[in-house]
Amino acid sequence: GLRPAVTVFGTDYPTPDGTCIRDYIHVADLAAAHVLALEALQAGRHGAEVYNLGCGGAGYSVRQVIDTAREVTGREIAVEEGPRRAGDPAKLVASSHRVRRDLGWEPRHQDLRAIIASAWSWMQEFFGRGRTFAS
């Protein structure tokens, strides 16, 4: 309800439903990876490193994310189809092999439905207190 519609940029990609496939990660998994990286730095086990973080699956299409968000929230989500964005690949999914090997990180929230449900719960709590993103 914060926007009149969600724009889907491109519906003609060589994917099962024509929309881009991306990797999604739960904010708690992202935070856990950062904690592990800081602990490794403090212990001197690793220097400054760069790691990709992903939930480890094949990714989800933009349309799958929107459809799942509709199911989880019980709300209609209006969609506008727009043109492809320049340079957008059809599929972009991170390999987290290196961070798993180096730091022992494992994502705990890999299911898209659970990730969206968690975000929806947070939003309901946040906005239920009368807040806005500006406050």
# chains A, B, ... in the order shown; residues from 1 in each chain; ligands from 1
>>> residues_around(residues="region 39-42 of chain A", least_positions_apart="5", cutoff="8 Å", atoms="only C-alpha atoms", output="CSV table (one decimal) with N, CA and C atoms, in the first residue's frame")
chain,number,residue,atom,x,y,z
A,47,GLY,N,41.9,-11.5,6.8
A,47,GLY,CA,42.0,-10.1,6.5
A,47,GLY,C,40.7,-9.6,5.9
A,48,ALA,N,40.7,-8.4,5.4
A,48,ALA,CA,39.5,-7.9,4.7
A,48,ALA,C,39.2,-8.8,3.5
A,103,LEU,N,34.0,-19.0,6.7
A,103,LEU,CA,33.5,-18.6,8.0
A,103,LEU,C,32.4,-19.6,8.6
>>> select_by_dssp(residues="region 37-117 of chain A", states="alpha helix (DSSP H)", output="PyMOL selection string")
chain A and resi 37-43+62-73+97-103+112-117
>>> residues_around(residues="region 108-121 of chain A", least_positions_apart="6", cutoff="7 Å", atoms="only C-alpha atoms", output="ChimeraX atom specification")
/A:26,29,55,68-69,72-73
>>> write_last_selection(atoms="N, CA and C atoms", output="tab-separated table (two decimals), in the first residue's frame")
chain	number	residue	atom	x	y	z
A	26	HIS	N	17.42	-13.31	3.74
A	26	HIS	CA	16.76	-12.77	4.92
A	26	HIS	C	17.73	-11.84	5.65
A	29	ASP	N	19.99	-13.45	8.19
A	29	ASP	CA	21.12	-14.18	7.63
A	29	ASP	C	22.22	-13.22	7.20
A	55	CYS	N	20.93	-17.15	-0.59
A	55	CYS	CA	20.25	-18.18	0.21
A	55	CYS	C	20.59	-19.58	-0.28
A	68	THR	N	4.05	-14.61	-4.38
A	68	THR	CA	4.22	-15.09	-3.01
A	68	THR	C	3.87	-13.99	-2.01
A	69	ALA	N	4.25	-12.76	-2.31
A	69	ALA	CA	3.90	-11.64	-1.44
A	69	ALA	C	2.38	-11.47	-1.36
A	72	VAL	N	1.13	-14.35	0.96
A	72	VAL	CA	1.52	-14.17	2.36
A	72	VAL	C	0.75	-13.02	3.01
A	73	THR	N	0.61	-11.92	2.29
A	73	THR	CA	-0.02	-10.74	2.88
A	73	THR	C	-1.53	-10.74	2.76
>>> select_by_dssp(residues="chain A", states="strand (DSSP E or B)", output="ChimeraX atom specification")
/A:6-9,21-22,60-61,79-82,91-92
>>> write_last_selection(atoms="C-alpha atoms", output="mmCIF file, in the first residue's frame")
data_model
loop_
_atom_site.group_PDB
_atom_site.id
_atom_site.type_symbol
_atom_site.label_atom_id
_atom_site.label_comp_id
_atom_site.auth_asym_id
_atom_site.auth_seq_id
_atom_site.Cartn_x
_atom_site.Cartn_y
_atom_site.Cartn_z
ATOM 1 C CA VAL A 6 5.159 -2.487 -8.468
ATOM 2 C CA THR A 7 6.993 -2.165 -11.768
ATOM 3 C CA VAL A 8 8.285 -5.356 -13.345
ATOM 4 C CA PHE A 9 11.172 -4.363 -15.594
ATOM 5 C CA ILE A 21 15.529 -14.401 -11.518
ATOM 6 C CA ARG A 22 17.300 -13.084 -8.445
ATOM 7 C CA TYR A 60 13.184 -16.745 -7.614
ATOM 8 C CA SER A 61 11.660 -14.817 -10.480
ATOM 9 C CA VAL A 79 1.793 -4.664 -11.202
ATOM 10 C CA GLU A 80 2.903 -2.462 -14.076
ATOM 11 C CA GLU A 81 5.042 -4.007 -16.758
ATOM 12 C CA GLY A 82 7.911 -1.866 -17.918
ATOM 13 C CA LYS A 91 19.451 -14.604 -13.934
ATOM 14 C CA LEU A 92 21.696 -13.332 -11.161
#
>>> residues_around(residues="Ala37 (chain A)", least_positions_apart="5", cutoff="12 Å", atoms="only C-alpha atoms", output="MDAnalysis selection string")
chainID A and resid 30:32 42:51 53 99:100 102:105
>>> write_last_selection(atoms="N, CA and C atoms", output="PDB file, in the first residue's frame")
ATOM      1  N   LEU A  30      21.833 -12.080   6.656  1.00  0.00           N
ATOM      2  CA  LEU A  30      22.793 -11.047   6.277  1.00  0.00           C
ATOM      3  C   LEU A  30      23.544 -10.554   7.516  1.00  0.00           C
ATOM      4  N   ALA A  31      22.813 -10.278   8.589  1.00  0.00           N
ATOM      5  CA  ALA A  31      23.437  -9.806   9.831  1.00  0.00           C
ATOM      6  C   ALA A  31      24.370 -10.869  10.406  1.00  0.00           C
ATOM      7  N   ALA A  32      23.950 -12.126  10.395  1.00  0.00           N
ATOM      8  CA  ALA A  32      24.781 -13.202  10.930  1.00  0.00           C
ATOM      9  C   ALA A  32      26.101 -13.315  10.172  1.00  0.00           C
ATOM     10  N   GLN A  42      38.545  -9.788  13.970  1.00  0.00           N
ATOM     11  CA  GLN A  42      39.057  -9.547  15.318  1.00  0.00           C
ATOM     12  C   GLN A  42      39.994 -10.658  15.781  1.00  0.00           C
ATOM     13  N   ALA A  43      39.716 -11.877  15.393  1.00  0.00           N
ATOM     14  CA  ALA A  43      40.546 -13.015  15.788  1.00  0.00           C
ATOM     15  C   ALA A  43      41.788 -13.150  14.908  1.00  0.00           C
ATOM     16  N   GLY A  44      41.862 -12.351  13.844  1.00  0.00           N
ATOM     17  CA  GLY A  44      43.005 -12.414  12.945  1.00  0.00           C
ATOM     18  C   GLY A  44      43.004 -13.623  12.033  1.00  0.00           C
ATOM     19  N   ARG A  45      41.857 -14.283  11.920  1.00  0.00           N
ATOM     20  CA  ARG A  45      41.774 -15.464  11.049  1.00  0.00           C
ATOM     21  C   ARG A  45      41.738 -15.082   9.580  1.00  0.00           C
ATOM     22  N   HIS A  46      41.217 -13.914   9.284  1.00  0.00           N
ATOM     23  CA  HIS A  46      41.114 -13.452   7.901  1.00  0.00           C
ATOM     24  C   HIS A  46      41.379 -11.951   7.873  1.00  0.00           C
ATOM     25  N   GLY A  47      41.913 -11.498   6.759  1.00  0.00           N
ATOM     26  CA  GLY A  47      42.021 -10.068   6.542  1.00  0.00           C
ATOM     27  C   GLY A  47      40.711  -9.584   5.948  1.00  0.00           C
ATOM     28  N   ALA A  48      40.740  -8.401   5.386  1.00  0.00           N
ATOM     29  CA  ALA A  48      39.540  -7.875   4.734  1.00  0.00           C
ATOM     30  C   ALA A  48      39.227  -8.766   3.537  1.00  0.00           C
ATOM     31  N   GLU A  49      38.037  -9.296   3.505  1.00  0.00           N
ATOM     32  CA  GLU A  49      37.606 -10.202   2.443  1.00  0.00           C
ATOM     33  C   GLU A  49      36.302  -9.699   1.844  1.00  0.00           C
ATOM     34  N   VAL A  50      35.993 -10.192   0.667  1.00  0.00           N
ATOM     35  CA  VAL A  50      34.725  -9.895   0.019  1.00  0.00           C
ATOM     36  C   VAL A  50      33.998 -11.222  -0.173  1.00  0.00           C
ATOM     37  N   TYR A  51      32.754 -11.259   0.293  1.00  0.00           N
ATOM     38  CA  TYR A  51      31.961 -12.474   0.177  1.00  0.00           C
ATOM     39  C   TYR A  51      30.625 -12.174  -0.482  1.00  0.00           C
ATOM     40  N   LEU A  53      26.746 -13.279  -0.669  1.00  0.00           N
ATOM     41  CA  LEU A  53      25.781 -13.933   0.213  1.00  0.00           C
ATOM     42  C   LEU A  53      24.513 -14.202  -0.570  1.00  0.00           C
ATOM     43  N   VAL A  99      32.062 -17.973   1.541  1.00  0.00           N
ATOM     44  CA  VAL A  99      31.770 -17.569   2.918  1.00  0.00           C
ATOM     45  C   VAL A  99      31.403 -18.786   3.761  1.00  0.00           C
ATOM     46  N   ARG A 100      30.795 -19.771   3.148  1.00  0.00           N
ATOM     47  CA  ARG A 100      30.483 -21.008   3.870  1.00  0.00           C
ATOM     48  C   ARG A 100      31.783 -21.714   4.255  1.00  0.00           C
ATOM     49  N   ASP A 102      34.966 -20.384   4.366  1.00  0.00           N
ATOM     50  CA  ASP A 102      35.871 -19.592   5.205  1.00  0.00           C
ATOM     51  C   ASP A 102      35.329 -19.331   6.603  1.00  0.00           C
ATOM     52  N   LEU A 103      34.037 -19.033   6.705  1.00  0.00           N
ATOM     53  CA  LEU A 103      33.476 -18.597   7.984  1.00  0.00           C
ATOM     54  C   LEU A 103      32.445 -19.555   8.573  1.00  0.00           C
ATOM     55  N   GLY A 104      32.070 -20.573   7.816  1.00  0.00           N
ATOM     56  CA  GLY A 104      31.075 -21.521   8.304  1.00  0.00           C
ATOM     57  C   GLY A 104      29.662 -20.961   8.302  1.00  0.00           C
ATOM     58  N   TRP A 105      29.442 -19.917   7.525  1.00  0.00           N
ATOM     59  CA  TRP A 105      28.114 -19.295   7.468  1.00  0.00           C
ATOM     60  C   TRP A 105      27.154 -20.182   6.700  1.00  0.00           C
TER      61      TRP A 105
END
>>> closest_residue(among="A:Gly128, A:Asp17, A:Met123, A:Arg3", to="Gln64 (chain A)", atoms="only C-alpha atoms")
A:Asp17
>>> atom_distance(atom1="CA of Ile66 (chain A)", atom2="CA of Gly87 (chain A)")
22.1 Å
>>> atom_distance(atom1="CA of Tyr24 (chain A)", atom2="CA of Arg98 (chain A)")
17.6 Å
>>> closest_residue(among="A:Val35, A:Ala28, A:Ile77, A:Val62", to="Ala90 (chain A)", atoms="only C-alpha atoms")
A:Val62
>>> atom_distance(atom1="CA of Thr15 (chain A)", atom2="CA of Glu106 (chain A)")
27.3 Å
>>> closest_residue(among="A:Gly10, A:Gly18, A:Pro4, A:Gly54", to="His97 (chain A)", atoms="only C-alpha atoms")
A:Gly54
